[in-house]
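Source file: work_9.cif. Holds: mmCIF, C-alpha atoms and all ligand atoms.
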data_model
#
loop_
_atom_site.label_atom_id
_atom_site.label_comp_id
_atom_site.auth_asym_id
_atom_site.auth_seq_id
_atom_site.Cartn_x
_atom_site.Cartn_y
_atom_site.Cartn_z
CA MET Z 1 -13.26 26.44 9.07
CA GLU Z 2 -12.05 25.12 5.73
CA THR Z 3 -9.10 26.95 4.26
CA ALA Z 4 -8.21 27.47 0.63
CA GLY Z 5 -5.10 25.38 1.14
CA GLY Z 6 -6.39 22.25 -0.62
CA ALA Z 7 -5.54 20.83 -3.99
CA GLU Z 8 -7.47 23.55 -5.83
CA ARG Z 9 -5.32 26.33 -4.46
CA GLY Z 10 -2.51 26.08 -6.99
CA PRO Z 11 0.86 27.64 -6.27
CA ARG Z 12 1.65 28.31 -2.65
CA TYR Z 13 3.02 31.47 -1.18
CA ASP Z 14 5.66 29.53 0.65
CA ASP Z 15 7.35 29.51 -2.74
CA GLU Z 16 7.52 33.28 -2.90
CA PRO Z 17 11.20 34.11 -2.59
CA GLU Z 18 12.40 36.40 0.15
CA ARG Z 19 15.09 38.82 -0.89
CA SER Z 20 18.49 37.45 0.02
CA GLN Z 21 20.49 39.46 2.53
CA GLU Z 22 22.95 40.34 -0.22
CA LEU Z 23 20.20 41.86 -2.37
CA ARG Z 24 18.54 43.52 0.57
CA GLU Z 25 21.28 45.65 1.99
CA VAL Z 26 23.74 48.08 0.45
CA ARG Z 27 26.03 50.68 1.98
CA ALA Z 28 26.73 54.27 1.05
CA GLY Z 29 29.59 55.39 3.28
CA ASP Z 30 28.28 55.07 6.85
CA VAL Z 31 24.66 54.76 5.72
CA ARG Z 32 22.93 51.38 5.31
CA ILE Z 33 20.06 51.07 2.85
CA VAL Z 34 17.85 48.05 3.53
CA VAL Z 35 15.05 46.68 1.33
CA ALA Z 36 12.12 44.96 3.07
CA ARG Z 37 12.23 41.15 3.19
CA TYR Z 38 9.12 40.97 0.97
CA ALA Z 39 8.76 43.82 -1.50
CA GLY Z 40 7.47 44.20 -5.05
CA TYR Z 41 5.47 41.99 -7.38
CA CYS Z 42 3.38 39.22 -5.91
CA TYR Z 43 2.81 35.93 -7.70
CA GLY Z 44 -0.49 37.05 -9.29
CA VAL Z 45 0.82 40.35 -10.64
CA GLU Z 46 3.96 38.76 -12.06
CA ARG Z 47 1.82 36.12 -13.76
CA ALA Z 48 -0.63 38.71 -15.18
CA LEU Z 49 2.24 40.70 -16.66
CA ARG Z 50 3.72 37.54 -18.19
CA ILE Z 51 0.33 36.72 -19.74
CA THR Z 52 0.13 40.29 -21.09
CA GLU Z 53 3.62 39.94 -22.63
CA GLU Z 54 2.51 36.72 -24.32
CA ALA Z 55 -0.61 38.48 -25.66
CA ILE Z 56 1.50 41.32 -27.07
CA GLU Z 57 3.68 38.73 -28.82
CA GLY Z 58 1.08 36.37 -30.17
CA ALA Z 59 -2.57 37.26 -29.56
CA GLU Z 60 -5.04 38.89 -31.93
CA LYS Z 61 -4.62 42.67 -32.10
CA PRO Z 62 -5.53 45.17 -30.81
CA VAL Z 63 -4.83 44.13 -27.23
CA ALA Z 64 -6.63 45.86 -24.35
CA THR Z 65 -6.83 45.26 -20.61
CA LEU Z 66 -10.10 45.57 -18.68
CA GLY Z 67 -8.93 48.19 -16.18
CA PRO Z 68 -5.21 48.86 -15.60
CA ILE Z 69 -3.37 45.53 -15.46
CA ILE Z 70 -1.59 46.77 -12.31
CA HIS Z 71 -1.77 49.97 -10.29
CA ASN Z 72 1.54 51.30 -11.48
CA PRO Z 73 1.47 54.22 -13.94
CA THR Z 74 5.00 53.54 -15.25
CA VAL Z 75 4.21 49.96 -16.24
CA VAL Z 76 0.80 50.88 -17.67
CA GLY Z 77 2.44 53.72 -19.65
CA GLN Z 78 5.09 51.35 -21.05
CA LEU Z 79 2.39 48.90 -22.13
CA ALA Z 80 0.42 51.75 -23.76
CA GLU Z 81 3.51 52.62 -25.83
CA ARG Z 82 3.46 49.03 -27.06
CA GLY Z 83 -0.17 49.30 -28.12
CA VAL Z 84 -1.97 47.92 -25.05
CA ASP Z 85 -5.06 50.04 -24.30
CA VAL Z 86 -6.93 50.19 -21.00
CA VAL Z 87 -10.73 50.03 -21.23
CA ASP Z 88 -13.24 50.42 -18.41
CA ASP Z 89 -16.02 48.53 -20.14
CA PRO Z 90 -15.73 45.41 -22.33
CA ASP Z 91 -18.17 47.02 -24.79
CA GLU Z 92 -15.42 49.51 -25.68
CA VAL Z 93 -13.66 46.61 -27.44
CA ASP Z 94 -15.08 45.34 -30.72
CA SER Z 95 -12.18 43.21 -31.99
CA GLY Z 96 -8.87 41.68 -30.94
CA THR Z 97 -7.95 40.58 -27.41
CA LEU Z 98 -9.28 41.60 -24.02
CA ILE Z 99 -7.18 40.71 -20.97
CA VAL Z 100 -8.93 40.15 -17.63
CA ARG Z 101 -6.66 41.35 -14.81
CA THR Z 102 -5.78 39.66 -11.51
CA HIS Z 103 -9.02 40.76 -9.75
CA GLY Z 104 -11.13 38.65 -12.11
CA VAL Z 105 -14.63 39.46 -13.37
CA ALA Z 106 -18.11 37.93 -13.28
CA PRO Z 107 -18.64 35.02 -15.71
CA SER Z 108 -21.21 37.12 -17.60
CA VAL Z 109 -18.49 39.65 -18.51
CA VAL Z 110 -16.31 36.97 -20.10
CA GLY Z 111 -19.34 35.32 -21.73
CA GLY Z 112 -20.57 38.64 -23.16
CA ALA Z 113 -17.20 39.50 -24.70
CA ARG Z 114 -16.74 36.00 -26.14
CA SER Z 115 -20.20 36.09 -27.68
CA ARG Z 116 -19.00 39.15 -29.63
CA ARG Z 117 -16.01 37.10 -30.83
CA ILE Z 118 -13.53 38.96 -28.64
CA ASN Z 119 -10.53 36.83 -27.70
CA VAL Z 120 -10.63 36.91 -23.89
CA VAL Z 121 -7.35 36.14 -22.11
CA ASP Z 122 -7.90 35.42 -18.45
CA ALA Z 123 -5.15 36.70 -16.12
CA THR Z 124 -7.29 36.27 -13.00
CA CYS Z 125 -4.93 35.40 -10.15
CA PRO Z 126 -5.30 31.68 -9.31
CA PHE Z 127 -5.92 32.64 -5.68
CA VAL Z 128 -8.87 34.81 -6.74
CA ALA Z 129 -10.08 32.00 -9.00
CA VAL Z 130 -10.26 29.69 -5.97
CA ALA Z 131 -12.53 32.21 -4.20
CA GLN Z 132 -14.68 32.44 -7.35
CA ARG Z 133 -15.06 28.65 -7.54
CA LYS Z 134 -15.90 28.42 -3.86
CA ALA Z 135 -18.55 31.15 -4.23
CA ALA Z 136 -20.15 29.27 -7.14
CA ALA Z 137 -20.02 25.97 -5.25
CA LEU Z 138 -21.73 27.51 -2.21
CA ARG Z 139 -24.48 28.95 -4.40
CA GLU Z 140 -25.00 25.61 -6.15
CA ALA Z 141 -25.15 23.79 -2.80
CA GLY Z 142 -27.92 26.12 -1.62
CA TYR Z 143 -26.01 28.15 0.97
CA ALA Z 144 -26.79 31.80 1.68
CA VAL Z 145 -23.50 33.26 0.42
CA VAL Z 146 -21.70 35.98 2.36
CA ILE Z 147 -18.79 37.73 0.63
CA LEU Z 148 -16.44 39.50 3.02
CA GLY Z 149 -14.78 42.33 1.11
CA GLU Z 150 -14.78 45.97 0.03
CA ARG Z 151 -18.12 46.71 -1.56
CA ASP Z 152 -16.73 48.71 -4.49
CA HIS Z 153 -13.69 46.57 -5.22
CA PRO Z 154 -13.60 44.90 -8.66
CA GLU Z 155 -12.59 41.55 -7.15
CA VAL Z 156 -15.74 41.62 -5.03
CA ALA Z 157 -17.88 42.52 -8.06
CA GLY Z 158 -16.45 39.45 -9.79
CA LEU Z 159 -17.16 37.25 -6.76
CA GLU Z 160 -20.76 38.48 -6.69
CA GLY Z 161 -21.09 37.28 -10.27
CA PHE Z 162 -20.11 33.76 -9.16
CA ALA Z 163 -22.12 33.81 -5.93
CA GLY Z 164 -25.40 34.83 -7.60
CA ASP Z 165 -28.03 37.47 -6.93
CA GLY Z 166 -28.81 36.50 -3.35
CA ALA Z 167 -25.23 36.98 -2.12
CA VAL Z 168 -24.57 39.48 0.65
CA VAL Z 169 -21.43 41.65 0.64
CA VAL Z 170 -20.17 42.83 4.03
CA GLU Z 171 -17.06 44.79 4.95
CA GLU Z 172 -17.07 43.79 8.62
CA ALA Z 173 -19.12 41.87 11.18
CA ARG Z 174 -21.22 44.92 11.99
CA GLY Z 175 -22.64 44.89 8.44
CA LEU Z 176 -24.04 41.34 8.65
CA PRO Z 177 -27.82 41.11 8.05
CA VAL Z 178 -28.15 38.81 11.05
CA GLU Z 179 -31.94 38.36 10.97
CA ARG Z 180 -31.87 37.47 7.29
CA LEU Z 181 -29.23 34.80 7.91
CA ARG Z 182 -30.63 33.39 11.15
CA GLY Z 183 -31.28 29.63 10.99
CA LYS Z 184 -29.89 29.31 7.46
CA ARG Z 185 -27.00 27.38 5.97
CA VAL Z 186 -24.46 30.16 5.50
CA GLY Z 187 -21.31 30.00 3.38
CA VAL Z 188 -18.56 32.62 3.46
CA VAL Z 189 -15.88 33.52 0.90
CA VAL Z 190 -13.36 36.30 1.37
CA GLN Z 191 -11.74 38.91 -0.86
CA THR Z 192 -8.10 37.80 -1.09
CA THR Z 193 -6.66 40.96 0.49
CA GLN Z 194 -8.81 40.96 3.65
CA THR Z 195 -7.21 40.52 7.06
CA GLN Z 196 -7.46 37.32 9.09
CA ALA Z 197 -8.74 39.38 12.03
CA ASN Z 198 -11.70 40.68 10.04
CA LEU Z 199 -12.56 37.18 8.86
CA ALA Z 200 -12.32 35.83 12.41
CA SER Z 201 -14.78 38.44 13.69
CA VAL Z 202 -17.28 37.74 10.88
CA ALA Z 203 -17.06 33.97 11.49
CA ALA Z 204 -17.53 34.51 15.24
CA ALA Z 205 -20.60 36.68 14.63
CA LEU Z 206 -22.16 34.13 12.27
CA ALA Z 207 -21.50 31.01 14.33
CA PRO Z 208 -24.38 31.52 16.80
CA VAL Z 209 -26.76 32.68 14.07
CA ALA Z 210 -26.39 30.14 11.26
CA ARG Z 211 -27.85 26.64 11.29
CA GLU Z 212 -24.74 25.53 9.48
CA LEU Z 213 -21.65 27.65 8.76
CA LEU Z 214 -19.08 26.91 6.05
CA VAL Z 215 -16.21 29.38 5.83
CA TYR Z 216 -13.70 29.30 3.00
CA ASN Z 217 -10.64 31.23 4.02
CA THR Z 218 -9.60 32.55 0.62
CA ILE Z 219 -7.23 35.20 1.94
CA CYS Z 220 -3.87 35.39 0.16
CA ASP Z 221 -0.97 36.28 2.41
CA ALA Z 222 1.12 38.28 -0.10
CA THR Z 223 -0.29 41.56 1.18
CA GLU Z 224 0.20 40.64 4.83
CA LYS Z 225 3.77 39.51 4.17
CA ARG Z 226 4.60 42.88 2.61
CA GLN Z 227 2.93 44.76 5.45
CA ASN Z 228 4.71 42.78 8.16
CA ALA Z 229 8.07 43.14 6.40
CA ALA Z 230 7.59 46.91 5.98
CA CYS Z 231 6.61 47.34 9.65
CA GLU Z 232 9.61 45.30 10.83
CA LEU Z 233 11.81 47.50 8.70
CA GLY Z 234 10.12 50.70 9.89
CA ALA Z 235 11.01 49.83 13.47
CA GLU Z 236 14.70 49.46 12.62
CA VAL Z 237 15.47 52.46 10.42
CA ASP Z 238 15.60 56.28 10.61
CA VAL Z 239 13.79 56.92 7.33
CA VAL Z 240 11.43 54.75 5.25
CA VAL Z 241 10.92 55.21 1.52
CA VAL Z 242 7.85 53.41 0.17
CA VAL Z 243 7.96 53.07 -3.59
CA GLY Z 244 4.97 52.38 -5.83
CA GLY Z 245 1.96 53.87 -7.59
CA ARG Z 246 -0.05 56.43 -5.66
CA ASN Z 247 -3.17 54.71 -7.04
CA SER Z 248 -2.03 51.39 -5.57
CA ALA Z 249 -4.12 50.82 -2.45
CA ASN Z 250 -1.70 48.24 -1.04
CA THR Z 251 1.30 50.59 -1.49
CA ALA Z 252 -0.53 53.51 0.11
CA ARG Z 253 -1.44 51.22 3.03
CA LEU Z 254 2.24 50.29 3.45
CA ALA Z 255 3.14 53.98 3.68
CA GLN Z 256 0.38 54.52 6.24
CA LEU Z 257 1.53 51.58 8.39
CA CYS Z 258 5.19 52.64 8.21
CA ARG Z 259 4.35 56.26 9.05
CA ALA Z 260 2.63 55.10 12.24
CA ILE Z 261 5.93 53.47 13.25
CA GLU Z 262 8.44 55.93 11.75
CA SER Z 263 7.18 59.45 11.06
CA ARG Z 264 9.97 60.03 8.50
CA THR Z 265 8.18 57.89 5.90
CA TYR Z 266 7.91 59.07 2.28
CA HIS Z 267 5.77 57.55 -0.49
CA ILE Z 268 7.29 58.01 -3.95
CA GLU Z 269 6.27 56.75 -7.38
CA SER Z 270 9.76 56.99 -8.83
CA ALA Z 271 13.32 57.58 -7.67
CA ALA Z 272 13.30 61.04 -9.28
CA GLU Z 273 11.03 62.27 -6.46
CA LEU Z 274 13.61 61.58 -3.71
CA GLU Z 275 14.86 64.65 -1.83
CA ALA Z 276 18.24 64.82 -0.07
CA GLY Z 277 16.66 66.78 2.82
CA TRP Z 278 14.58 63.74 3.80
CA LEU Z 279 17.75 61.81 4.63
CA THR Z 280 19.48 64.31 6.94
CA GLY Z 281 21.21 62.50 9.81
CA ALA Z 282 19.86 59.07 8.78
CA ARG Z 283 22.17 56.10 9.37
CA ARG Z 284 19.72 53.42 8.23
CA ILE Z 285 17.23 53.91 5.41
CA GLY Z 286 14.50 51.37 4.66
CA VAL Z 287 12.88 50.76 1.27
CA ALA Z 288 9.47 49.07 1.10
CA ALA Z 289 7.28 48.38 -1.94
CA GLY Z 290 3.78 47.07 -2.62
CA ALA Z 291 2.74 44.09 -4.74
CA SER Z 292 2.49 46.21 -7.90
CA THR Z 293 5.96 47.78 -7.79
CA PRO Z 294 8.47 46.47 -10.36
CA ASP Z 295 11.94 45.40 -9.19
CA ALA Z 296 13.40 47.99 -11.57
CA GLU Z 297 11.76 50.79 -9.56
CA ILE Z 298 12.96 49.32 -6.26
CA ASP Z 299 16.49 49.01 -7.65
CA ALA Z 300 16.44 52.56 -9.08
CA THR Z 301 15.32 53.88 -5.69
CA VAL Z 302 18.15 52.08 -3.88
CA LYS Z 303 20.68 53.39 -6.41
CA ALA Z 304 19.39 56.97 -6.13
CA LEU Z 305 19.51 56.76 -2.32
CA GLN Z 306 23.11 55.54 -2.53
CA GLU Z 307 24.00 58.53 -4.70
CA LEU Z 308 22.19 61.00 -2.42
CA CYS Z 309 24.11 59.56 0.54
CA GLY Z 310 27.38 59.97 -1.35
CA GLY Z 311 28.00 56.27 -1.91
S1 LIG Z 401 -2.20 39.83 -3.76
FE1 LIG Z 401 -2.50 37.59 -3.79
S2 LIG Z 401 -4.51 37.30 -4.73
FE2 LIG Z 401 -3.88 39.38 -5.21
S3 LIG Z 401 -2.85 39.19 -7.19
FE3 LIG Z 401 -1.26 39.04 -5.64
S4 LIG Z 401 -1.05 36.84 -5.33
FE4 LIG Z 401 -3.01 37.14 -6.34
#

So that I can check it, write out the structure of this file as structure tokens.
Amino acid sequence: METAGGAERGPRYDDEPERSQELREVRAGDVRIVVARYAGYCYGVERALRITEEAIEGAEKPVATLGPIIHNPTVVGQLAERGVDVVDDPDEVDSGTLIVRTHGVAPSVVGGARSRRINVVDATCPFVAVAQRKAAALREAGYAVVILGERDHPEVAGLEGFAGDGAVVVEEARGLPVERLRGKRVGVVVQTTQTQANLASVAAALAPVARELLVYNTICDATEKRQNAACELGAEVDVVVVVGGRNSANTARLAQLCRAIESRTYHIESAAELEAGWLTGARRIGVAAGASTPDAEIDATVKALQELCGG
């Protein structure tokens, strides 16, 4: 199995900084408040927001993003106040700049907007871009392309655009059209937020079927790192507060995983939602956050918890 760890991959996650112990733990009297080892913006989100800032400063106006740039209503609201619109369809834009978010889009979407003289700024995460290039390369080399991912996810729609009309999207091994793929040269690319276990089961199911099997492991480990860190924390504390947008799938998943470990888990969008009653008797409180939660919201949550605990 070839991984996406070659020269094309760009920045590596090993560079993603863990929170230092000093930043991670504060006290409020007898209560310790601990932030998960990995929490908040991932590389791709941070980069997309930086690109958006640059567009606000210098790109042709008006500026719009194709879908919310991140799943965080506070950040999207702040950008709206600065004139950045969110559109669902590129045809809603007839001038200025259109920003493609981290999930990426099919090449036809970018081509269509550019043909109408829209300035397209591409904030596709470099890890997603690797998966897109691999999908296109498999199609060009004549492989039957299998995309492992969520059928309705925008990243998968973008990958389909690179993989071509014959590509098959599956969410798990059970969905594989085995007879259609039997005896063929099969190439696999993976939505960046899939789990390694799901990829392993799809690869195992294809191995005896395909004449030749080429698997590009294009999974990015930012999500897994946040999930593992939140679960570790959940096992050590009396209460977990998960902070981030309710429309953020990765944040909601963190809350779900933590709740399975510690039933006193609360998902909030902002510190203002915290309730003192949640903290009764707690000696250790954990704070976890998804890849679309700004540091400012994590910090505000820690501060509010300190105040509620009398620190
Ligand atoms: S989760 Fe990974 S692939 Fe997705 S935006 Fe973040 S860094 Fe990029």

Sphere at (3.2, 50.8, -8.7), radius 6 Å, counting all atoms listed in the file: residues as a ChimeraX atom specification = /Z:71-72,244-245,292-293

List all protein, DNA and RNA residues that have at least one atom no more than 7 Å from any atom of ligand LIG 401 (chain Z), counting only C-alpha atoms and all ligand atoms, and write them as number ranges by chain.
-> Z: 42-45, 102-103, 125-128, 192-193, 220-223, 291

Using all atoms listed in the file, I'd like a table of the residues in region 115-208 of chain Z that come within 12 Å of region 59-70 of chain Z; for each, show the closest atom pair and its distance in Å rounded to one decimal, ordered by chain and ascending number, as JSON lines.
{"residue": "Z:Arg117", "atom": "CA", "partner": "Z:Glu60", "partner_atom": "CA", "distance": 11.2}
{"residue": "Z:Ile118", "atom": "CA", "partner": "Z:Glu60", "partner_atom": "CA", "distance": 9.1}
{"residue": "Z:Asn119", "atom": "CA", "partner": "Z:Glu60", "partner_atom": "CA", "distance": 7.2}
{"residue": "Z:Val120", "atom": "CA", "partner": "Z:Thr65", "partner_atom": "CA", "distance": 9.7}
{"residue": "Z:Val121", "atom": "CA", "partner": "Z:Ala59", "partner_atom": "CA", "distance": 8.9}
{"residue": "Z:Asp122", "atom": "CA", "partner": "Z:Thr65", "partner_atom": "CA", "distance": 10.1}
{"residue": "Z:Ala123", "atom": "CA", "partner": "Z:Ile69", "partner_atom": "CA", "distance": 9.0}
{"residue": "Z:Thr124", "atom": "CA", "partner": "Z:Ile69", "partner_atom": "CA", "distance": 10.4}
{"residue": "Z:Cys125", "atom": "CA", "partner": "Z:Ile69", "partner_atom": "CA", "distance": 11.5}
{"residue": "Z:Pro154", "atom": "CA", "partner": "Z:Gly67", "partner_atom": "CA", "distance": 9.4}
{"residue": "Z:Glu155", "atom": "CA", "partner": "Z:Gly67", "partner_atom": "CA", "distance": 11.8}

Between Z:Leu199, Z:Ala288, Z:Val86, Z:Val243, single out the one closest to His267 (chain Z), counting all atoms listed in the file.
-> Z:Val243

Using only C-alpha atoms, which of the listed residues (Z:Leu159, Z:Ala271, Z:Val35, Z:Val209) sits closest to Val130 (chain Z)?
->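 Comparing Z:Leu159, Z:Ala271, Z:Val35, Z:Val209 against Val130 (chain Z), the winner is Z:Leu159.
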
Looking at Z:Gly29, Z:Gly83, Z:Gly164, Z:Gly149, which one is nearest to Thr218 (chain Z), with distances taken over all atoms listed in the file?
->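 Looking at the shortest contact to Thr218 (chain Z), the residue is Z:Gly149.
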
Let me have the centre and edge lengths of the axis-aligned box enclosing all listed atoms of region 97-109 of chain Z with 8 Å padding on every side, in Å to one decimal, as lines of an AutoDock Vina configuration file.
center_x = -13.5
center_y = 38.3
center_z = -18.6
size_x = 31.4
size_y = 22.6
size_z = 33.7

Which value, in Å to one decimal, gives the distance between CA of Pro107 (chain Z) and CA of Leu138 (chain Z)?
->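 Value for the CA of Pro107 (chain Z)-CA of Leu138 (chain Z) distance: 15.8 Å.
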
For Gly158 (chain Z), list every protein, DNA or RNA residue within 10 Å, evaluated using only C-alpha atoms, and leave out those in the same chain fewer than 2 positions away; present the list as a ChimeraX atom specification.
-> /Z:103-109,128-129,131-132,153-156,160-163

Write out as a list in words the residues lying within 7 Å of Arg226 (chain Z), counting only C-alpha atoms and excluding same-chain residues fewer than 6 positions away.
-> Tyr38, Ala39 and Gly290 of chain Z

Which residues come within 8 Å of Ala210 (chain Z), counting all atoms listed in the file, excluding same-chain residues fewer than 5 positions away, as an mmCIF file with C-alpha atoms, in the coordinates of the input?
data_model
loop_
_atom_site.group_PDB
_atom_site.id
_atom_site.type_symbol
_atom_site.label_atom_id
_atom_site.label_comp_id
_atom_site.auth_asym_id
_atom_site.auth_seq_id
_atom_site.Cartn_x
_atom_site.Cartn_y
_atom_site.Cartn_z
ATOM 1 C CA LEU Z 181 -29.230 34.800 7.910
ATOM 2 C CA ARG Z 182 -30.630 33.390 11.150
ATOM 3 C CA GLY Z 183 -31.280 29.630 10.990
ATOM 4 C CA LYS Z 184 -29.890 29.310 7.460
ATOM 5 C CA ARG Z 185 -27.000 27.380 5.970
ATOM 6 C CA VAL Z 186 -24.460 30.160 5.500
#

Excluding same-chain residues fewer than 3 positions from Ile51 (chain Z), what lies within 9 Å of it counting all atoms listed in the file, as a list in words?
-> Glu46, Arg47, Ala48, Glu54, Ala55, Ile56, Ile99, Val121, Asp122 and Ala123 of chain Z

Would you write out those residues with C-alpha atoms, as a tab-separated table (two decimals), keeping the file's coordinate frame?
chain	number	residue	atom	x	y	z
Z	46	GLU	CA	3.96	38.76	-12.06
Z	47	ARG	CA	1.82	36.12	-13.76
Z	48	ALA	CA	-0.63	38.71	-15.18
Z	54	GLU	CA	2.51	36.72	-24.32
Z	55	ALA	CA	-0.61	38.48	-25.66
Z	56	ILE	CA	1.50	41.32	-27.07
Z	99	ILE	CA	-7.18	40.71	-20.97
Z	121	VAL	CA	-7.35	36.14	-22.11
Z	122	ASP	CA	-7.90	35.42	-18.45
Z	123	ALA	CA	-5.15	36.70	-16.12

For region 122-129 of chain Z, which lacks atoms in the input, supply all heavy atoms and format the output as a PDB file, in the coordinates of the input.
ATOM      1  N   ASP Z 122      -7.562  35.305 -19.867  1.00  0.00           N
ATOM      2  CA  ASP Z 122      -7.900  35.420 -18.450  1.00  0.00           C
ATOM      3  C   ASP Z 122      -6.636  35.433 -17.589  1.00  0.00           C
ATOM      4  O   ASP Z 122      -5.965  34.419 -17.435  1.00  0.00           O
ATOM      5  CB  ASP Z 122      -8.799  34.235 -18.058  1.00  0.00           C
ATOM      6  CG  ASP Z 122      -9.387  34.426 -16.669  1.00  0.00           C
ATOM      7  OD1 ASP Z 122      -9.068  35.431 -16.015  1.00  0.00           O
ATOM      8  OD2 ASP Z 122     -10.177  33.561 -16.250  1.00  0.00           O
ATOM      9  N   ALA Z 123      -6.318  36.604 -17.020  1.00  0.00           N
ATOM     10  CA  ALA Z 123      -5.150  36.700 -16.120  1.00  0.00           C
ATOM     11  C   ALA Z 123      -5.605  36.781 -14.657  1.00  0.00           C
ATOM     12  O   ALA Z 123      -4.861  37.256 -13.795  1.00  0.00           O
ATOM     13  CB  ALA Z 123      -4.305  37.918 -16.491  1.00  0.00           C
ATOM     14  N   THR Z 124      -6.825  36.314 -14.395  1.00  0.00           N
ATOM     15  CA  THR Z 124      -7.290  36.270 -13.000  1.00  0.00           C
ATOM     16  C   THR Z 124      -6.274  35.508 -12.152  1.00  0.00           C
ATOM     17  O   THR Z 124      -5.847  34.408 -12.521  1.00  0.00           O
ATOM     18  CB  THR Z 124      -8.651  35.521 -12.910  1.00  0.00           C
ATOM     19  OG1 THR Z 124      -9.587  36.160 -13.768  1.00  0.00           O
ATOM     20  CG2 THR Z 124      -9.187  35.509 -11.486  1.00  0.00           C
ATOM     21  N   CYS Z 125      -5.885  36.093 -11.022  1.00  0.00           N
ATOM     22  CA  CYS Z 125      -4.930  35.400 -10.150  1.00  0.00           C
ATOM     23  C   CYS Z 125      -5.532  34.055  -9.708  1.00  0.00           C
ATOM     24  O   CYS Z 125      -6.710  33.993  -9.328  1.00  0.00           O
ATOM     25  CB  CYS Z 125      -4.642  36.261  -8.930  1.00  0.00           C
ATOM     26  SG  CYS Z 125      -3.565  35.406  -7.767  1.00  0.00           S
ATOM     27  N   PRO Z 126      -4.764  32.982  -9.741  1.00  0.00           N
ATOM     28  CA  PRO Z 126      -5.300  31.680  -9.310  1.00  0.00           C
ATOM     29  C   PRO Z 126      -5.877  31.691  -7.896  1.00  0.00           C
ATOM     30  O   PRO Z 126      -6.799  30.934  -7.602  1.00  0.00           O
ATOM     31  CB  PRO Z 126      -4.087  30.754  -9.396  1.00  0.00           C
ATOM     32  CG  PRO Z 126      -3.184  31.407 -10.399  1.00  0.00           C
ATOM     33  CD  PRO Z 126      -3.396  32.886 -10.246  1.00  0.00           C
ATOM     34  N   PHE Z 127      -5.383  32.561  -7.041  1.00  0.00           N
ATOM     35  CA  PHE Z 127      -5.920  32.640  -5.680  1.00  0.00           C
ATOM     36  C   PHE Z 127      -7.318  33.263  -5.693  1.00  0.00           C
ATOM     37  O   PHE Z 127      -8.191  32.879  -4.914  1.00  0.00           O
ATOM     38  CB  PHE Z 127      -4.986  33.438  -4.770  1.00  0.00           C
ATOM     39  CG  PHE Z 127      -3.675  32.741  -4.564  1.00  0.00           C
ATOM     40  CD1 PHE Z 127      -2.603  33.001  -5.395  1.00  0.00           C
ATOM     41  CD2 PHE Z 127      -3.515  31.802  -3.565  1.00  0.00           C
ATOM     42  CE1 PHE Z 127      -1.399  32.339  -5.231  1.00  0.00           C
ATOM     43  CE2 PHE Z 127      -2.316  31.137  -3.390  1.00  0.00           C
ATOM     44  CZ  PHE Z 127      -1.252  31.401  -4.233  1.00  0.00           C
ATOM     45  N   VAL Z 128      -7.528  34.227  -6.581  1.00  0.00           N
ATOM     46  CA  VAL Z 128      -8.870  34.810  -6.740  1.00  0.00           C
ATOM     47  C   VAL Z 128      -9.795  33.774  -7.375  1.00  0.00           C
ATOM     48  O   VAL Z 128     -10.967  33.651  -6.994  1.00  0.00           O
ATOM     49  CB  VAL Z 128      -8.794  36.092  -7.619  1.00  0.00           C
ATOM     50  CG1 VAL Z 128     -10.200  36.647  -7.879  1.00  0.00           C
ATOM     51  CG2 VAL Z 128      -7.922  37.150  -6.957  1.00  0.00           C
ATOM     52  N   ALA Z 129      -9.253  33.013  -8.324  1.00  0.00           N
ATOM     53  CA  ALA Z 129     -10.080  32.000  -9.000  1.00  0.00           C
ATOM     54  C   ALA Z 129     -10.586  30.952  -8.017  1.00  0.00           C
ATOM     55  O   ALA Z 129     -11.693  30.442  -8.161  1.00  0.00           O
ATOM     56  CB  ALA Z 129      -9.266  31.334 -10.125  1.00  0.00           C
TER      57      ALA Z 129
END
